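What follows is final-v4.csv (CSV, C-alpha atoms).
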chain,number,residue,atom,x,y,z
T,1,GLU,CA,5.0,11.8,9.8
T,2,ASN,CA,2.6,11.2,6.9
T,3,ILE,CA,4.1,8.3,4.9
T,4,THR,CA,1.4,8.0,2.3
T,5,PRO,CA,1.6,9.8,-1.0
T,6,LYS,CA,-0.1,13.2,-1.2
T,7,LEU,CA,-3.8,12.6,-1.7
T,8,ARG,CA,-6.1,15.0,-3.4
T,9,ALA,CA,-8.6,16.4,-1.0
T,10,MET,CA,-12.0,14.7,-1.3
T,11,SER,CA,-14.7,17.3,-1.5
T,12,ALA,CA,-16.6,17.9,1.7
T,13,ASP,CA,-19.8,17.5,-0.2
T,14,SER,CA,-18.8,14.2,-1.7
T,15,VAL,CA,-17.8,12.8,1.7
T,16,ALA,CA,-21.0,14.2,3.3
T,17,LYS,CA,-23.2,12.5,0.8
T,18,ILE,CA,-21.4,9.1,1.2
T,19,ASN,CA,-21.5,9.4,5.0
T,20,ALA,CA,-25.2,10.4,5.0
T,21,ALA,CA,-26.0,7.4,2.8
T,22,ILE,CA,-24.2,5.1,5.2
T,23,GLU,CA,-25.9,6.5,8.3
T,24,GLU,CA,-29.3,6.5,6.7
T,25,LYS,CA,-29.1,3.0,5.2
T,26,ILE,CA,-26.4,1.4,7.4
T,27,SER,CA,-27.3,-2.2,6.5
T,28,ASP,CA,-29.3,-1.6,3.3
T,29,ALA,CA,-27.9,-3.2,0.2
T,30,SER,CA,-29.4,-0.4,-2.0
T,31,ILE,CA,-26.4,1.8,-1.3
T,32,ILE,CA,-23.9,-0.7,-2.6
T,33,PRO,CA,-23.9,0.7,-6.2
T,34,GLN,CA,-23.1,4.2,-4.7
T,35,LEU,CA,-20.3,2.9,-2.6
T,36,GLU,CA,-18.9,0.9,-5.5
T,37,ALA,CA,-18.9,4.0,-7.7
T,38,HIS,CA,-17.1,5.8,-4.8
T,39,VAL,CA,-14.3,3.2,-4.9
T,40,ASP,CA,-13.7,3.8,-8.6
T,41,ASP,CA,-13.7,7.5,-7.9
T,42,GLN,CA,-10.9,7.0,-5.3
T,43,LEU,CA,-8.8,5.1,-7.9
T,44,ASP,CA,-9.4,7.7,-10.6
T,45,LYS,CA,-8.7,10.7,-8.4
T,46,ASN,CA,-6.2,9.4,-5.9
T,47,THR,CA,-8.4,10.0,-2.9
T,48,TYR,CA,-9.1,7.7,-0.1
T,49,ASN,CA,-12.1,6.9,2.2
T,50,PHE,CA,-11.3,4.0,4.4
T,51,LYS,CA,-14.7,4.3,6.3
T,52,ALA,CA,-16.7,4.0,3.1
T,53,ASN,CA,-14.6,1.1,1.7
T,54,ARG,CA,-14.8,-0.8,5.0
T,55,HIS,CA,-18.6,-0.3,5.1
T,56,LEU,CA,-18.9,-1.7,1.6
T,57,LEU,CA,-17.0,-4.8,2.6
T,58,LYS,CA,-19.3,-5.2,5.6
T,59,LEU,CA,-22.4,-5.0,3.3
T,60,TYR,CA,-20.8,-7.6,1.0
T,61,LYS,CA,-20.4,-9.8,4.0
T,62,PHE,CA,-24.1,-9.4,4.9
T,63,HIS,CA,-25.2,-9.7,1.3
T,64,PRO,CA,-22.7,-12.1,-0.3
T,65,GLN,CA,-24.8,-12.5,-3.4
T,66,ALA,CA,-24.0,-8.8,-4.2
T,67,ALA,CA,-20.3,-9.0,-3.6
T,68,LYS,CA,-18.1,-8.2,-6.6
T,69,PRO,CA,-14.5,-9.6,-6.5
T,70,GLU,CA,-13.2,-6.9,-8.8
T,71,VAL,CA,-14.5,-4.2,-6.4
T,72,VAL,CA,-13.0,-6.0,-3.5
T,73,GLY,CA,-9.7,-6.1,-5.3
T,74,LYS,CA,-9.8,-2.3,-5.9
T,75,ILE,CA,-10.5,-1.7,-2.2
T,76,LEU,CA,-7.5,-3.9,-1.2
T,77,ILE,CA,-5.3,-2.0,-3.6
T,78,LYS,CA,-6.3,1.3,-2.0
T,79,ALA,CA,-5.7,-0.2,1.5
T,80,LEU,CA,-2.4,-1.6,0.3
T,81,MET,CA,-1.3,1.9,-0.7
T,82,GLN,CA,-1.6,3.0,3.0
T,83,LEU,CA,1.1,0.6,4.3
T,84,PRO,CA,2.5,0.4,6.9
T,85,THR,CA,-0.9,1.3,8.4
T,86,SER,CA,-3.2,-1.6,9.3
T,87,ASP,CA,-5.9,-0.7,6.8
T,88,TYR,CA,-5.1,-3.6,4.5
T,89,ILE,CA,-5.3,-6.3,7.1
T,90,SER,CA,-8.5,-4.6,8.5
T,91,CYS,CA,-10.1,-4.9,5.1
T,92,LEU,CA,-8.9,-8.5,4.5
T,93,TYR,CA,-10.6,-9.6,7.8
T,94,LEU,CA,-13.9,-8.4,6.4
T,95,ILE,CA,-13.7,-10.5,3.2
T,96,ASN,CA,-15.5,-13.8,3.2
T,97,SER,CA,-12.9,-16.6,3.1
T,98,GLU,CA,-14.4,-18.1,0.0
T,99,HIS,CA,-13.4,-14.9,-1.9
T,100,HIS,CA,-9.8,-15.0,-0.8
T,101,ASN,CA,-8.7,-17.2,-3.7
T,102,VAL,CA,-11.0,-15.6,-6.3
T,103,GLN,CA,-9.3,-13.3,-8.8
T,104,PRO,CA,-8.3,-10.5,-8.5
T,105,VAL,CA,-8.3,-10.8,-4.7
T,106,ARG,CA,-5.8,-13.7,-4.9
T,107,THR,CA,-3.4,-11.6,-6.9
T,108,ILE,CA,-3.6,-8.6,-4.5
T,109,ARG,CA,-3.1,-10.9,-1.5
T,110,LYS,CA,0.0,-12.3,-3.2
T,111,LEU,CA,1.3,-8.8,-3.8
T,112,ALA,CA,0.5,-7.8,-0.2
T,113,THR,CA,2.5,-10.8,1.1
T,114,LEU,CA,5.5,-9.7,-0.9
T,115,LEU,CA,5.3,-6.2,0.4
T,116,GLU,CA,4.7,-7.2,4.1
T,117,SER,CA,7.6,-9.6,4.0
T,118,PHE,CA,9.7,-6.8,2.4
T,119,ASP,CA,10.4,-8.9,-0.7
T,120,ILE,CA,10.3,-5.7,-2.7
T,121,GLU,CA,12.3,-6.8,-5.8
T,122,ASN,CA,9.9,-9.7,-6.4
T,123,PHE,CA,7.0,-7.4,-5.6
T,124,TRP,CA,7.9,-5.1,-8.5
T,125,LYS,CA,8.2,-8.0,-10.8
T,126,ALA,CA,4.9,-9.5,-9.8
T,127,ALA,CA,3.1,-6.1,-10.0
T,128,GLU,CA,4.4,-5.7,-13.6
T,129,GLU,CA,3.7,-9.3,-14.7
T,130,GLN,CA,0.3,-9.9,-13.1
T,131,LYS,CA,-2.7,-9.8,-15.5
T,132,GLU,CA,-5.6,-9.1,-13.2
T,133,PHE,CA,-4.9,-5.3,-13.1
T,134,PRO,CA,-3.0,-4.6,-16.4
T,135,LYS,CA,-2.5,-1.0,-15.5
T,136,LEU,CA,-1.8,-1.5,-11.8
T,137,THR,CA,1.5,0.4,-11.8
T,138,GLU,CA,-0.2,3.3,-13.7
T,139,ILE,CA,-2.8,3.9,-10.9
T,140,GLU,CA,-2.1,7.4,-9.7
T,141,GLY,CA,-0.2,7.3,-6.4
T,142,PHE,CA,0.4,3.5,-6.4
T,143,CYS,CA,4.1,3.4,-7.2
T,144,GLN,CA,4.8,6.4,-5.0
T,145,SER,CA,3.0,4.8,-2.1
T,146,VAL,CA,5.1,1.6,-2.4
T,147,GLU,CA,8.3,3.7,-2.6
T,148,ASN,CA,7.2,5.7,0.5
T,149,PHE,CA,6.6,2.4,2.3
T,150,VAL,CA,10.1,1.1,1.3
T,151,VAL,CA,11.8,4.4,2.4
T,152,THR,CA,9.9,4.5,5.7
T,153,ILE,CA,11.0,1.0,6.6
T,154,LEU,CA,14.6,1.6,5.5
T,155,GLU,CA,14.9,4.9,7.4
T,156,SER,CA,13.3,3.3,10.5
T,157,THR,CA,15.4,0.2,10.4
T,158,TYR,CA,18.8,1.0,8.9
T,159,CYS,CA,21.3,3.8,9.3
T,160,ASP,CA,23.0,2.9,6.0
T,161,ILE,CA,22.5,0.5,3.1
T,162,GLU,CA,24.6,-0.8,0.1
T,163,VAL,CA,23.7,1.3,-3.0
T,164,SER,CA,23.4,-1.9,-5.0
T,165,THR,CA,20.8,-3.3,-2.6
T,166,LEU,CA,18.9,0.0,-2.4
T,167,GLU,CA,18.6,0.0,-6.2
T,168,THR,CA,16.9,-3.5,-6.2
T,169,LEU,CA,14.2,-2.1,-3.9
T,170,LEU,CA,13.3,0.8,-6.1
T,171,ARG,CA,11.2,0.4,-9.3
T,172,ASN,CA,13.6,2.5,-11.4
T,173,GLY,CA,16.8,1.4,-9.7
T,174,SER,CA,19.7,3.9,-9.8
T,175,LYS,CA,17.5,6.7,-11.2
T,176,ASP,CA,15.2,6.5,-8.2
T,177,ALA,CA,18.2,6.1,-5.8
T,178,GLU,CA,19.7,9.3,-7.1
T,179,ARG,CA,16.5,11.2,-6.8
T,180,LEU,CA,15.8,10.0,-3.3
T,181,GLN,CA,19.4,11.0,-2.2
T,182,LYS,CA,18.6,14.6,-3.2
T,183,GLU,CA,15.1,14.6,-1.8
T,184,LYS,CA,15.9,12.9,1.5
T,185,GLY,CA,19.4,14.5,2.1
T,186,TRP,CA,21.1,11.1,2.1
T,187,SER,CA,24.8,10.9,1.5
T,188,LEU,CA,27.3,8.5,0.0
T,189,THR,CA,30.3,6.9,1.7
T,190,ASN,CA,32.6,4.0,1.1
T,191,GLY,CA,33.6,5.3,-2.3
T,192,GLY,CA,30.0,5.7,-3.4
T,193,LYS,CA,29.0,2.1,-2.5
T,194,THR,CA,27.1,2.8,0.7
T,195,MET,CA,24.1,5.2,1.1
T,196,VAL,CA,23.9,6.8,4.6
T,197,LEU,CA,20.2,7.2,5.5
T,198,SER,CA,20.6,8.8,8.8
T,199,LYS,CA,22.6,11.9,9.8
T,200,ARG,CA,22.1,11.2,13.5
T,201,GLU,CA,23.7,8.6,15.6
T,202,ALA,CA,21.7,5.4,15.1
T,203,PRO,CA,19.0,4.8,17.7
T,204,GLY,CA,18.5,1.5,19.4
T,205,MET,CA,16.5,-0.2,16.6
T,206,GLN,CA,18.6,1.1,13.7
T,207,VAL,CA,21.3,-1.2,12.4
T,208,SER,CA,23.7,-1.1,9.5
T,209,GLY,CA,22.2,-2.5,6.4
T,210,SER,CA,25.4,-2.3,4.4
T,211,GLN,CA,25.8,-6.0,4.4
T,212,LYS,CA,22.3,-7.2,3.6
T,213,ILE,CA,18.6,-6.6,4.3
T,214,VAL,CA,17.6,-8.7,7.3
T,215,LEU,CA,13.9,-9.4,7.4
T,216,ALA,CA,14.0,-10.0,11.1
T,217,GLN,CA,15.0,-6.4,11.6
T,218,VAL,CA,12.2,-5.2,9.4
T,219,GLY,CA,9.7,-7.3,11.4
T,220,LYS,CA,10.7,-5.5,14.6
T,221,VAL,CA,9.9,-2.1,13.1
T,222,LEU,CA,6.6,-2.7,11.3
T,223,PRO,CA,4.4,-3.0,14.5
T,224,PHE,CA,5.6,0.5,15.6
T,225,LEU,CA,4.6,2.1,12.3
T,226,GLN,CA,1.0,0.7,12.2

Conversion result in C-alpha cells:
Amino acid sequence: ENITPKLRAMSADSVAKINAAIEEKISDASIIPQLEAHVDDQLDKNTYNFKANRHLLKLYKFHPQAAKPEVVGKILIKALMQLPTSDYISCLYLINSEHHNVQPVRTIRKLATLLESFDIENFWKAAEEQKEFPKLTEIEGFCQSVENFVVTILESTYCDIEVSTLETLLRNGSKDAERLQKEKGWSLTNGGKTMVLSKREAPGMQVSGSQKIVLAQVGKVLPFLQ
C-alpha cells in the first residue's frame, strides 16, 4: 500500500534531463546548481526524486565547499515526508557530520527524532514553533504525509485507540479524527470513547491501544514498513 501522499507526476522530460545530467557528469560539481533547482521544484510542485537528491548529497560530500545547508534541509524534509521508508536515514548518512548541527539541518533532525520516536504531539508543536522553515507546515503534502505516517503506524500496531489519544496525534484534533473515521471506515465503541481501527480480528502484532500508546509496540512495527 502506498502510504505517501499523492504526488504530482514529474514530467518524463524533466526526469530524463536530470538523469542525463547525472550520468554525463556523475562527479562533476558543475551540475550542482541544476540539482539544487530541482530540489526547489520538488518542494513547489509536491514531486519527489530520491535518486537526484541523493546524488546531490554525494556531490556535496565530494565538494564540501559547495554544500548549502538550506538545500540539505530541504532534501531532508522531502525524505522525511516519505516515512516510514528509509529515505530519510539514507540521506542523513550522506551528510558530513560537521553539518549535522548546522541550521536548518539541526532543526530537521530534531523533528525527525520526534517522528521516529512517535512523539507526534510534540512534533506538531515543534513544527509550528521552529523558525528555520517558517512555512514548513504549508509545504504542499507535508502535513498530509505526516498524517499518513501516523495512520499507517496506528493501523499496523493497534486494533483500537482512545479517541482522546488519537486527537492528540492529529494536527487538527477532533476535526481530523472525524474525517479519518469516514475516510478509513473506522468505528466508535465504548460510548464514543474508543476508535476501532481494524474490522478484522487483530493479527499477532496488533494490540489494543485503548489504554495508551506504547512506544515499544511502535518500534516493533517500524522495521516491517521500511

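We find CA of Val72 (chain T) and CA of Val15 (chain T) to be spaced 20.1 Å apart.
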
Minimum-distance residue to Thr137 (chain T), chosen among T:Trp124, T:Trp186, T:Tyr60, T:Tyr88 (using only C-alpha atoms)
T:Trp124

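Using only C-alpha atoms, the contacts of Ala126 (chain T) at a cut-off of 9 Å, with sequence neighbours closer than 3 positions omitted, comprise Lys110, Leu111, Leu114, Glu121, Asn122, Phe123, Glu129 and Gln130 of chain T.
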
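Between CA of Phe50 (chain T) and CA of Leu76 (chain T) there is a distance of 10.4 Å.
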
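Considering the residues T:Lys68, T:Arg171, T:Lys135, T:His38 and counting all atoms listed in the file, Val150 (chain T) has its shortest atom-to-atom contact with T:Arg171.
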
Gap from CA of Ser90 (chain T) to CA of Lys61 (chain T) - Å, one decimal:
13.7 Å

Distance query 9 Å from (-22.6, 5.8, -3.0) using all atoms listed in the file, result as number ranges by chain:
T: 17-19, 21-22, 31-39, 52

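Distance annotation: of T:Ala66, T:Met81, T:Leu136, T:Cys143, the residue with the minimal separation from Leu170 (chain T) is T:Cys143; atom set is only C-alpha atoms.
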
What lies within 12 Å of Gly192 (chain T) using all atoms listed in the file, ignoring chain neighbours under 2 positions off, as a ChimeraX atom specification?
/T:161-164,178,181,186-190,194-196

Between T:Lys175, T:Lys74, T:Lys58, T:His100, smallest distance to Glu132 (chain T) by only C-alpha atoms belongs to T:Lys74

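Residues in contact range of Ile139 (chain T), defined as at most 10 Å between only C-alpha atoms, with sequence neighbours fewer than 2 positions away removed, read T:Leu43, T:Asp44, T:Lys45, T:Asn46, T:Ile77, T:Lys78, T:Phe133, T:Lys135, T:Leu136, T:Thr137, T:Gly141, T:Phe142, T:Cys143, T:Gln144.
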
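When only C-alpha atoms are used to compute distances to Leu56 (chain T), the closest of the residues T:Ser27, T:Ser198, T:Thr165, T:Gln82 turns out to be T:Ser27.
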
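Proximity to Ala79 (chain T) was assessed for T:Arg109, T:His63, T:Arg179, T:Lys193 counting all atoms listed in the file; the smallest distance is recorded for T:Arg109.
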